[in-house]
Amino acid sequence: MTRDDDAGCAAVQTRKLIIGTPFQILTADFDGSKFSITGNHTAEGTAPSWMIYKDPSLLWAVNENANDIDLFTLDSSKTNPSPKSTFQGSPGVVFLEFNKDKSRMVGAAYGSGKIDVWDVDSVSGSLKLRKTITVPGTPNPAQGAHHPHQALLDPTGRFFVIPNLGGDTVLVLDSESDKWEITGNATLPTGTGPRHGGFLSAGDKHYYALASELSNQLFLFELSYPGNTIAFKQVQAQSTYGTSPPANASSAAAGELVVASNQRDVYVSNRVSGNATDSIAHFVFADSHGSLDYEGTISSGGLRPRMFSLSTDDAQSLAFVANQGGESGLVAFKRSAESGTLDPTPVASMPSAALVAPLLAATDLNGPQFVLEI
């Protein structure tokens, strides 16, 4: 059995996925043409909207609705998530990230305006809260509170960059010598709402691409490293929709941003667009003049693609999309390694109805919030 791709014919492999929906953590197999659910852990009231995995079997999940990080183990087939431990931190964590050697974990607590730093046991995966940082400064009056939404390790392995949606800032967290101090920030116009970003490198130059939820802008910053912080020089700002504006600009809200491993292709999910389905936009980084050029947009296959991710093969030949609503809750698109283009015709999809927790079947927009190949 084979699958055609840009490199020719390659043997199909079974890919292992983890999926987060309200009340559920699911495992799934993807065989190149269909998804099959292989495991389900259900806990009423939870919101595992972000997860992080460490081989061979450890899985940590946030609970956006409370203040716990839950540790699970998977079996040898990377299925059947089994709860192991629960750790109490700040309420409303929506993102987790390891440091370079995976001995520390940083959590961005959107719900409480805090940043948690955890020690990670290398064998058991147990967490010990090392430090909690309250986001400083005055939030956007319209938001009323700080909302850190991501904490992403920078290319040097020293700093975490944290978009603060409620404060219209991008924070720099310095991990040097376990100090874990906020040492700088970039300030954006009021009402921007920075949500998620990603790093691009070209030779010895580093850049940061940032998607903003409230203004639906894609920013590009050139980075420099003066001492114990990062300085951000804005070099570009454009619509996350490129040249394909949404039907309803007043409700539109950018979601995820993913940078491909080739350091060229950048993808942004656009949500609440007022269109029949929402979308994924593709931009290409031109390192010769430091800009992001809009290439095109495809339908996400559903509504509110809060998160999507690329497959783990070297070519990153697939994009997996988690739609919270609409007809298709889980969708796989073929990605060209040569051009970065996403094929608008899905390779496979799974209906939202098959992925929503039974207790939430009567309500809308309770489909997948997270999907990742492990």
# chains A, B, ... in the order shown; residues from 1 in each chain; ligands from 1
call {"tool": "closest_atom_pairs", "arguments": {"of": "segment 116-229 of chain A", "to": "segment 292-306 of chain A", "cutoff": "10 Å", "atoms": "only C-alpha atoms", "output": "tab-separated table"}}
result
residue	atom	partner	partner_atom	distance
A:Ala209	CA	A:Leu292	CA	8.7
A:Leu218	CA	A:Leu292	CA	8.9
A:Phe219	CA	A:Leu292	CA	8.9
A:Leu220	CA	A:Leu292	CA	7.4
call {"tool": "closest_atom_pairs", "arguments": {"of": "segment 13-101 of chain A", "to": "segment 359-368 of chain A", "cutoff": "8 Å", "atoms": "only C-alpha atoms", "output": "CSV"}}
result
residue,atom,partner,partner_atom,distance
A:Ile19,CA,A:Pro368,CA,6.6
A:Gly20,CA,A:Pro368,CA,5.6
A:Thr21,CA,A:Pro368,CA,4.4
A:Pro22,CA,A:Asn366,CA,6.1
call {"tool": "select_by_dssp", "arguments": {"residues": "segment 37-249 of chain A", "states": "strand (DSSP E)", "output": "count of residues only"}}
result
110
call {"tool": "closest_atom_pairs", "arguments": {"of": "segment 215-257 of chain A", "to": "segment 266-279 of chain A", "cutoff": "9 Å", "atoms": "only C-alpha atoms", "output": "Markdown table"}}
result
| residue | atom | partner | partner_atom | distance |
| --- | --- | --- | --- | --- |
| A:Asn216 | CA | A:Asn270 | CA | 8.1 |
| A:Leu218 | CA | A:Val268 | CA | 8.5 |
| A:Thr240 | CA | A:Val268 | CA | 6.7 |
| A:Tyr241 | CA | A:Asn270 | CA | 7.2 |
| A:Pro245 | CA | A:Ser273 | CA | 8.6 |
| A:Pro246 | CA | A:Ser273 | CA | 5.0 |
| A:Ala247 | CA | A:Gly274 | CA | 5.0 |
| A:Asn248 | CA | A:Gly274 | CA | 4.9 |
| A:Ala249 | CA | A:Ser273 | CA | 6.8 |
| A:Ser250 | CA | A:Ser273 | CA | 8.6 |
| A:Ser251 | CA | A:Val272 | CA | 5.9 |
| A:Ala252 | CA | A:Ser273 | CA | 4.6 |
| A:Ala253 | CA | A:Arg271 | CA | 5.1 |
| A:Ala254 | CA | A:Asn270 | CA | 4.5 |
| A:Gly255 | CA | A:Ser269 | CA | 5.2 |
| A:Glu256 | CA | A:Ser269 | CA | 5.2 |
| A:Leu257 | CA | A:Val268 | CA | 4.5 |
call {"tool": "write_last_selection", "arguments": {"atoms": "C-alpha atoms", "output": "PDB file, in the first residue's frame"}}
result
ATOM      1  CA  ASN A 216      -6.119  39.732  12.754  1.00  0.00           C
ATOM      2  CA  LEU A 218       0.471  38.907  11.108  1.00  0.00           C
ATOM      3  CA  THR A 240      -3.706  37.129   8.612  1.00  0.00           C
ATOM      4  CA  TYR A 241      -6.178  36.691   5.744  1.00  0.00           C
ATOM      5  CA  PRO A 245     -10.693  39.005   3.691  1.00  0.00           C
ATOM      6  CA  PRO A 246     -13.306  37.388   5.962  1.00  0.00           C
ATOM      7  CA  ALA A 247     -17.034  37.748   5.428  1.00  0.00           C
ATOM      8  CA  ASN A 248     -17.323  39.250   8.917  1.00  0.00           C
ATOM      9  CA  ALA A 249     -14.247  41.237   9.916  1.00  0.00           C
ATOM     10  CA  SER A 250     -15.832  42.297  13.218  1.00  0.00           C
ATOM     11  CA  SER A 251     -15.987  38.735  14.578  1.00  0.00           C
ATOM     12  CA  ALA A 252     -12.863  37.261  12.956  1.00  0.00           C
ATOM     13  CA  ALA A 253     -10.204  35.965  15.339  1.00  0.00           C
ATOM     14  CA  ALA A 254      -6.849  34.515  14.299  1.00  0.00           C
ATOM     15  CA  GLY A 255      -5.905  31.330  16.125  1.00  0.00           C
ATOM     16  CA  GLU A 256      -2.804  29.216  15.642  1.00  0.00           C
ATOM     17  CA  LEU A 257       0.509  30.022  13.935  1.00  0.00           C
TER      18      LEU A 257
END
call {"tool": "atom_distance", "arguments": {"atom1": "atom CA of Gly193 of chain A", "atom2": "atom CA of Ala322 of chain A"}}
result
21.7 Å
call {"tool": "closest_residue", "arguments": {"among": "A:Val371, A:Ala315, A:Met51, A:Val123", "to": "Val331 of chain A", "atoms": "only C-alpha atoms"}}
result
A:Val371
call {"tool": "residues_around", "arguments": {"residues": "Ile374 of chain A", "least_positions_apart": "2", "cutoff": "12 Å", "atoms": "only C-alpha atoms", "output": "PyMOL selection string"}}
result
chain A and resi 14-19+27-30+51-59+74+77-79+309-313+371-372
call {"tool": "write_last_selection", "arguments": {"atoms": "N, CA and C atoms", "output": "tab-separated table (two decimals), in the first residue's frame"}}
result
chain	number	residue	atom	x	y	z
A	14	THR	N	1.50	4.15	9.86
A	14	THR	CA	0.42	4.52	10.76
A	14	THR	C	0.93	5.58	11.71
A	15	ARG	N	0.29	6.71	11.69
A	15	ARG	CA	0.69	7.82	12.53
A	15	ARG	C	-0.16	7.82	13.80
A	16	LYS	N	0.45	8.18	14.91
A	16	LYS	CA	-0.20	8.21	16.21
A	16	LYS	C	-0.50	9.65	16.59
A	17	LEU	N	-1.75	9.92	16.94
A	17	LEU	CA	-2.19	11.28	17.25
A	17	LEU	C	-2.77	11.35	18.66
A	18	ILE	N	-2.61	12.53	19.28
A	18	ILE	CA	-3.37	12.83	20.49
A	18	ILE	C	-4.28	14.01	20.16
A	19	ILE	N	-5.49	13.97	20.71
A	19	ILE	CA	-6.53	14.95	20.40
A	19	ILE	C	-7.16	15.41	21.71
A	27	THR	N	-6.82	9.27	21.75
A	27	THR	CA	-5.71	8.86	20.90
A	27	THR	C	-6.31	8.32	19.61
A	28	ALA	N	-5.56	8.47	18.53
A	28	ALA	CA	-6.06	8.04	17.23
A	28	ALA	C	-4.92	7.55	16.36
A	29	ASP	N	-5.25	6.65	15.45
A	29	ASP	CA	-4.35	6.22	14.39
A	29	ASP	C	-4.78	6.88	13.09
A	30	PHE	N	-3.79	7.24	12.28
A	30	PHE	CA	-4.07	7.74	10.94
A	30	PHE	C	-3.23	6.91	9.96
A	51	MET	N	-1.55	20.03	25.10
A	51	MET	CA	-0.82	18.91	25.68
A	51	MET	C	0.62	18.92	25.19
A	52	ILE	N	1.48	18.25	25.94
A	52	ILE	CA	2.88	18.12	25.55
A	52	ILE	C	3.30	16.69	25.85
A	53	TYR	N	4.09	16.11	24.94
A	53	TYR	CA	4.41	14.68	25.01
A	53	TYR	C	5.92	14.50	25.08
A	54	LYS	N	6.34	13.46	25.81
A	54	LYS	CA	7.74	13.07	25.89
A	54	LYS	C	7.84	11.56	25.73
A	55	ASP	N	8.65	11.14	24.76
A	55	ASP	CA	8.85	9.71	24.56
A	55	ASP	C	9.44	9.07	25.81
A	56	PRO	N	9.09	7.79	26.09
A	56	PRO	CA	8.24	6.96	25.22
A	56	PRO	C	6.76	6.95	25.57
A	57	SER	N	6.35	7.60	26.71
A	57	SER	CA	4.95	7.36	27.10
A	57	SER	C	4.32	8.45	27.96
A	58	LEU	N	5.01	9.57	28.20
A	58	LEU	CA	4.49	10.57	29.14
A	58	LEU	C	3.75	11.68	28.41
A	59	LEU	N	2.58	12.04	28.94
A	59	LEU	CA	1.73	13.06	28.34
A	59	LEU	C	1.20	13.97	29.44
A	74	LEU	N	0.84	6.61	28.27
A	74	LEU	CA	0.27	5.87	27.16
A	74	LEU	C	0.87	4.47	27.13
A	77	SER	N	1.56	1.06	22.44
A	77	SER	CA	1.04	1.43	21.12
A	77	SER	C	0.67	2.91	21.04
A	78	LYS	N	1.05	3.67	22.07
A	78	LYS	CA	0.73	5.10	22.16
A	78	LYS	C	-0.78	5.33	22.10
A	79	THR	N	-1.49	4.51	22.87
A	79	THR	CA	-2.94	4.62	22.99
A	79	THR	C	-3.32	4.56	24.47
A	309	SER	N	-1.41	21.34	13.46
A	309	SER	CA	0.00	20.99	13.58
A	309	SER	C	0.43	20.23	12.34
A	310	LEU	N	1.74	20.18	12.11
A	310	LEU	CA	2.30	19.46	10.97
A	310	LEU	C	2.81	18.10	11.42
A	311	SER	N	2.83	17.16	10.49
A	311	SER	CA	3.25	15.79	10.80
A	311	SER	C	4.74	15.75	11.12
A	312	THR	N	5.18	14.66	11.72
A	312	THR	CA	6.53	14.57	12.26
A	312	THR	C	7.56	14.04	11.28
A	313	ASP	N	7.17	13.60	10.09
A	313	ASP	CA	8.16	13.16	9.11
A	313	ASP	C	9.01	14.35	8.66
A	371	VAL	N	-4.62	18.91	18.31
A	371	VAL	CA	-4.23	17.66	17.66
A	371	VAL	C	-2.73	17.69	17.41
A	372	LEU	N	-2.07	16.57	17.69
A	372	LEU	CA	-0.63	16.50	17.55
A	372	LEU	C	-0.21	15.06	17.24
call {"tool": "closest_residue", "arguments": {"among": "A:Gly242, A:Gly198, A:Gly167, A:Gly227", "to": "Val135 of chain A", "atoms": "only C-alpha atoms"}}
result
A:Gly167
call {"tool": "atom_distance", "arguments": {"atom1": "atom CA of Ser328 of chain A", "atom2": "atom CA of Ala354 of chain A"}}
result
9.4 Å
call {"tool": "closest_residue", "arguments": {"among": "A:Lys334, A:Lys84, A:Arg158, A:Lys205", "to": "Lys179 of chain A", "atoms": "only C-alpha atoms"}}
result
A:Arg158
call {"tool": "closest_residue", "arguments": {"among": "A:Val161, A:Ala61, A:Ile69, A:Leu223", "to": "Pro194 of chain A", "atoms": "only C-alpha atoms"}}
result
A:Val161
call {"tool": "atom_distance", "arguments": {"atom1": "atom CA of Pro83 of chain A", "atom2": "atom CA of Leu26 of chain A"}}
result
12.7 Å
call {"tool": "residues_around", "arguments": {"residues": "Ser224 of chain A", "least_positions_apart": "5", "cutoff": "9 Å", "atoms": "only C-alpha atoms", "output": "ChimeraX atom specification"}}
result
/A:205-207,229-233
call {"tool": "write_last_selection", "arguments": {"atoms": "all heavy atoms", "output": "PDB file, in the first residue's frame"}}
result
ATOM      1  N   LYS A 205      20.657  35.517  11.507  1.00  0.00           N
ATOM      2  CA  LYS A 205      19.540  36.394  11.834  1.00  0.00           C
ATOM      3  C   LYS A 205      18.347  35.588  12.327  1.00  0.00           C
ATOM      4  O   LYS A 205      18.058  34.521  11.778  1.00  0.00           O
ATOM      5  CB  LYS A 205      19.125  37.230  10.626  1.00  0.00           C
ATOM      6  CG  LYS A 205      20.089  38.341  10.268  1.00  0.00           C
ATOM      7  CD  LYS A 205      19.493  39.224   9.170  1.00  0.00           C
ATOM      8  CE  LYS A 205      20.380  40.424   8.880  1.00  0.00           C
ATOM      9  NZ  LYS A 205      19.774  41.306   7.851  1.00  0.00           N
ATOM     10  N   HIS A 206      17.667  36.101  13.338  1.00  0.00           N
ATOM     11  CA  HIS A 206      16.472  35.458  13.873  1.00  0.00           C
ATOM     12  C   HIS A 206      15.282  36.413  13.766  1.00  0.00           C
ATOM     13  O   HIS A 206      15.419  37.620  13.970  1.00  0.00           O
ATOM     14  CB  HIS A 206      16.674  35.055  15.327  1.00  0.00           C
ATOM     15  CG  HIS A 206      17.788  34.085  15.546  1.00  0.00           C
ATOM     16  ND1 HIS A 206      17.831  32.856  14.942  1.00  0.00           N
ATOM     17  CD2 HIS A 206      18.922  34.174  16.293  1.00  0.00           C
ATOM     18  CE1 HIS A 206      18.923  32.211  15.316  1.00  0.00           C
ATOM     19  NE2 HIS A 206      19.606  32.995  16.128  1.00  0.00           N
ATOM     20  N   TYR A 207      14.122  35.827  13.456  1.00  0.00           N
ATOM     21  CA  TYR A 207      12.889  36.586  13.305  1.00  0.00           C
ATOM     22  C   TYR A 207      11.796  35.919  14.139  1.00  0.00           C
ATOM     23  O   TYR A 207      11.894  34.736  14.493  1.00  0.00           O
ATOM     24  CB  TYR A 207      12.448  36.637  11.841  1.00  0.00           C
ATOM     25  CG  TYR A 207      13.388  37.359  10.910  1.00  0.00           C
ATOM     26  CD1 TYR A 207      14.499  36.716  10.379  1.00  0.00           C
ATOM     27  CD2 TYR A 207      13.156  38.691  10.562  1.00  0.00           C
ATOM     28  CE1 TYR A 207      15.373  37.381   9.523  1.00  0.00           C
ATOM     29  CE2 TYR A 207      14.020  39.358   9.693  1.00  0.00           C
ATOM     30  CZ  TYR A 207      15.123  38.701   9.185  1.00  0.00           C
ATOM     31  OH  TYR A 207      15.974  39.358   8.338  1.00  0.00           O
ATOM     32  N   THR A 229      18.094  39.995  27.395  1.00  0.00           N
ATOM     33  CA  THR A 229      16.738  40.075  26.861  1.00  0.00           C
ATOM     34  C   THR A 229      16.761  39.935  25.349  1.00  0.00           C
ATOM     35  O   THR A 229      17.807  39.695  24.741  1.00  0.00           O
ATOM     36  CB  THR A 229      16.070  41.405  27.285  1.00  0.00           C
ATOM     37  OG1 THR A 229      14.679  41.350  26.975  1.00  0.00           O
ATOM     38  CG2 THR A 229      16.715  42.598  26.598  1.00  0.00           C
ATOM     39  N   ILE A 230      15.591  40.064  24.748  1.00  0.00           N
ATOM     40  CA  ILE A 230      15.442  40.087  23.300  1.00  0.00           C
ATOM     41  C   ILE A 230      14.833  41.422  22.912  1.00  0.00           C
ATOM     42  O   ILE A 230      13.883  41.891  23.555  1.00  0.00           O
ATOM     43  CB  ILE A 230      14.526  38.947  22.799  1.00  0.00           C
ATOM     44  CG1 ILE A 230      15.054  37.581  23.228  1.00  0.00           C
ATOM     45  CG2 ILE A 230      14.386  38.993  21.277  1.00  0.00           C
ATOM     46  CD1 ILE A 230      14.127  36.428  22.860  1.00  0.00           C
ATOM     47  N   ALA A 231      15.369  42.050  21.868  1.00  0.00           N
ATOM     48  CA  ALA A 231      14.790  43.276  21.321  1.00  0.00           C
ATOM     49  C   ALA A 231      14.062  42.935  20.025  1.00  0.00           C
ATOM     50  O   ALA A 231      14.557  42.150  19.210  1.00  0.00           O
ATOM     51  CB  ALA A 231      15.879  44.317  21.060  1.00  0.00           C
ATOM     52  N   PHE A 232      12.874  43.513  19.856  1.00  0.00           N
ATOM     53  CA  PHE A 232      12.017  43.237  18.710  1.00  0.00           C
ATOM     54  C   PHE A 232      11.966  44.468  17.801  1.00  0.00           C
ATOM     55  O   PHE A 232      11.545  45.542  18.231  1.00  0.00           O
ATOM     56  CB  PHE A 232      10.588  42.913  19.156  1.00  0.00           C
ATOM     57  CG  PHE A 232      10.468  41.681  20.003  1.00  0.00           C
ATOM     58  CD1 PHE A 232      10.827  41.693  21.348  1.00  0.00           C
ATOM     59  CD2 PHE A 232       9.972  40.499  19.468  1.00  0.00           C
ATOM     60  CE1 PHE A 232      10.704  40.559  22.133  1.00  0.00           C
ATOM     61  CE2 PHE A 232       9.846  39.359  20.238  1.00  0.00           C
ATOM     62  CZ  PHE A 232      10.211  39.390  21.575  1.00  0.00           C
ATOM     63  N   LYS A 233      12.367  44.305  16.546  1.00  0.00           N
ATOM     64  CA  LYS A 233      12.249  45.366  15.557  1.00  0.00           C
ATOM     65  C   LYS A 233      11.197  44.961  14.531  1.00  0.00           C
ATOM     66  O   LYS A 233      11.382  44.000  13.787  1.00  0.00           O
ATOM     67  CB  LYS A 233      13.582  45.598  14.855  1.00  0.00           C
ATOM     68  CG  LYS A 233      13.526  46.648  13.746  1.00  0.00           C
ATOM     69  CD  LYS A 233      14.851  46.734  12.995  1.00  0.00           C
ATOM     70  CE  LYS A 233      14.759  47.693  11.819  1.00  0.00           C
ATOM     71  NZ  LYS A 233      16.030  47.731  11.039  1.00  0.00           N
TER      72      LYS A 233
END
call {"tool": "closest_residue", "arguments": {"among": "A:Val106, A:Ala66, A:Val94, A:Val172", "to": "Leu127 of chain A", "atoms": "only C-alpha atoms"}}
result
A:Val106
call {"tool": "closest_residue", "arguments": {"among": "A:Gly32, A:Gly92, A:Gly45, A:Pro136", "to": "Ala348 of chain A", "atoms": "only C-alpha atoms"}}
result
A:Gly32
call {"tool": "decode", "arguments": {"residues": "segment 85-118 of chain A", "atoms": "N, CA and C atoms", "output": "short mmCIF file (atom, residue, chain, number, x, y, z; two decimals), in the first residue's frame"}}
result
data_model
loop_
_atom_site.label_atom_id
_atom_site.label_comp_id
_atom_site.auth_asym_id
_atom_site.auth_seq_id
_atom_site.Cartn_x
_atom_site.Cartn_y
_atom_site.Cartn_z
N SER A 85 -0.90 11.35 37.65
CA SER A 85 -0.77 12.34 38.72
C SER A 85 -1.41 13.64 38.29
N THR A 86 -1.75 14.47 39.29
CA THR A 86 -2.28 15.80 39.05
C THR A 86 -1.47 16.79 39.87
N PHE A 87 -1.15 17.94 39.26
CA PHE A 87 -0.33 18.96 39.91
C PHE A 87 -1.05 20.30 39.86
N GLN A 88 -1.05 21.01 40.98
CA GLN A 88 -1.80 22.25 41.11
C GLN A 88 -0.91 23.45 40.81
N GLY A 89 -1.38 24.30 39.88
CA GLY A 89 -0.66 25.52 39.54
C GLY A 89 -1.64 26.66 39.41
N SER A 90 -1.38 27.56 38.47
CA SER A 90 -2.25 28.72 38.27
C SER A 90 -3.47 28.33 37.46
N PRO A 91 -4.60 28.98 37.68
CA PRO A 91 -5.81 28.67 36.91
C PRO A 91 -5.68 29.11 35.45
N GLY A 92 -6.29 28.30 34.59
CA GLY A 92 -6.47 28.70 33.20
C GLY A 92 -5.24 28.60 32.32
N VAL A 93 -4.39 27.59 32.55
CA VAL A 93 -3.23 27.39 31.68
C VAL A 93 -3.69 26.88 30.31
N VAL A 94 -3.12 27.46 29.24
CA VAL A 94 -3.54 27.11 27.88
C VAL A 94 -2.38 26.68 27.00
N PHE A 95 -1.15 26.64 27.56
CA PHE A 95 0.01 26.29 26.74
C PHE A 95 1.12 25.77 27.65
N LEU A 96 1.83 24.75 27.18
CA LEU A 96 2.98 24.20 27.89
C LEU A 96 4.17 24.10 26.95
N GLU A 97 5.37 24.36 27.49
CA GLU A 97 6.58 24.27 26.68
C GLU A 97 7.75 23.82 27.56
N PHE A 98 8.57 22.89 27.04
CA PHE A 98 9.78 22.47 27.73
C PHE A 98 10.91 23.47 27.48
N ASN A 99 11.88 23.49 28.42
CA ASN A 99 13.16 24.12 28.11
C ASN A 99 13.99 23.14 27.26
N LYS A 100 15.21 23.51 26.97
CA LYS A 100 16.00 22.76 25.99
C LYS A 100 16.24 21.32 26.40
N ASP A 101 16.54 21.08 27.68
CA ASP A 101 16.83 19.71 28.11
C ASP A 101 15.62 19.03 28.77
N LYS A 102 14.47 19.66 28.70
CA LYS A 102 13.21 19.12 29.21
C LYS A 102 13.22 18.89 30.72
N SER A 103 14.05 19.65 31.41
CA SER A 103 14.08 19.58 32.88
C SER A 103 13.16 20.62 33.52
N ARG A 104 12.69 21.58 32.72
CA ARG A 104 11.75 22.58 33.18
C ARG A 104 10.60 22.65 32.18
N MET A 105 9.44 23.07 32.69
CA MET A 105 8.26 23.27 31.85
C MET A 105 7.64 24.61 32.21
N VAL A 106 7.27 25.37 31.18
CA VAL A 106 6.65 26.68 31.39
C VAL A 106 5.20 26.61 30.94
N GLY A 107 4.30 27.13 31.78
CA GLY A 107 2.89 27.16 31.46
C GLY A 107 2.38 28.59 31.39
N ALA A 108 1.65 28.92 30.33
CA ALA A 108 1.04 30.24 30.17
C ALA A 108 -0.41 30.17 30.64
N ALA A 109 -0.71 30.90 31.71
CA ALA A 109 -2.04 30.83 32.32
C ALA A 109 -2.89 32.01 31.84
N TYR A 110 -3.56 31.82 30.74
CA TYR A 110 -4.46 32.83 30.17
C TYR A 110 -5.51 33.26 31.18
N GLY A 111 -6.04 32.30 31.93
CA GLY A 111 -7.16 32.57 32.82
C GLY A 111 -6.84 33.39 34.05
N SER A 112 -5.56 33.47 34.43
CA SER A 112 -5.21 34.17 35.66
C SER A 112 -4.09 35.19 35.49
N GLY A 113 -3.59 35.36 34.27
CA GLY A 113 -2.54 36.34 34.03
C GLY A 113 -1.22 35.98 34.66
N LYS A 114 -0.91 34.69 34.74
CA LYS A 114 0.31 34.24 35.38
C LYS A 114 1.11 33.30 34.47
N ILE A 115 2.36 33.09 34.87
CA ILE A 115 3.25 32.17 34.17
C ILE A 115 3.83 31.23 35.21
N ASP A 116 3.65 29.93 35.02
CA ASP A 116 4.17 28.93 35.95
C ASP A 116 5.43 28.29 35.38
N VAL A 117 6.41 28.07 36.26
CA VAL A 117 7.63 27.35 35.90
C VAL A 117 7.72 26.11 36.78
N TRP A 118 7.84 24.95 36.12
CA TRP A 118 7.84 23.67 36.82
C TRP A 118 9.18 22.96 36.65
#
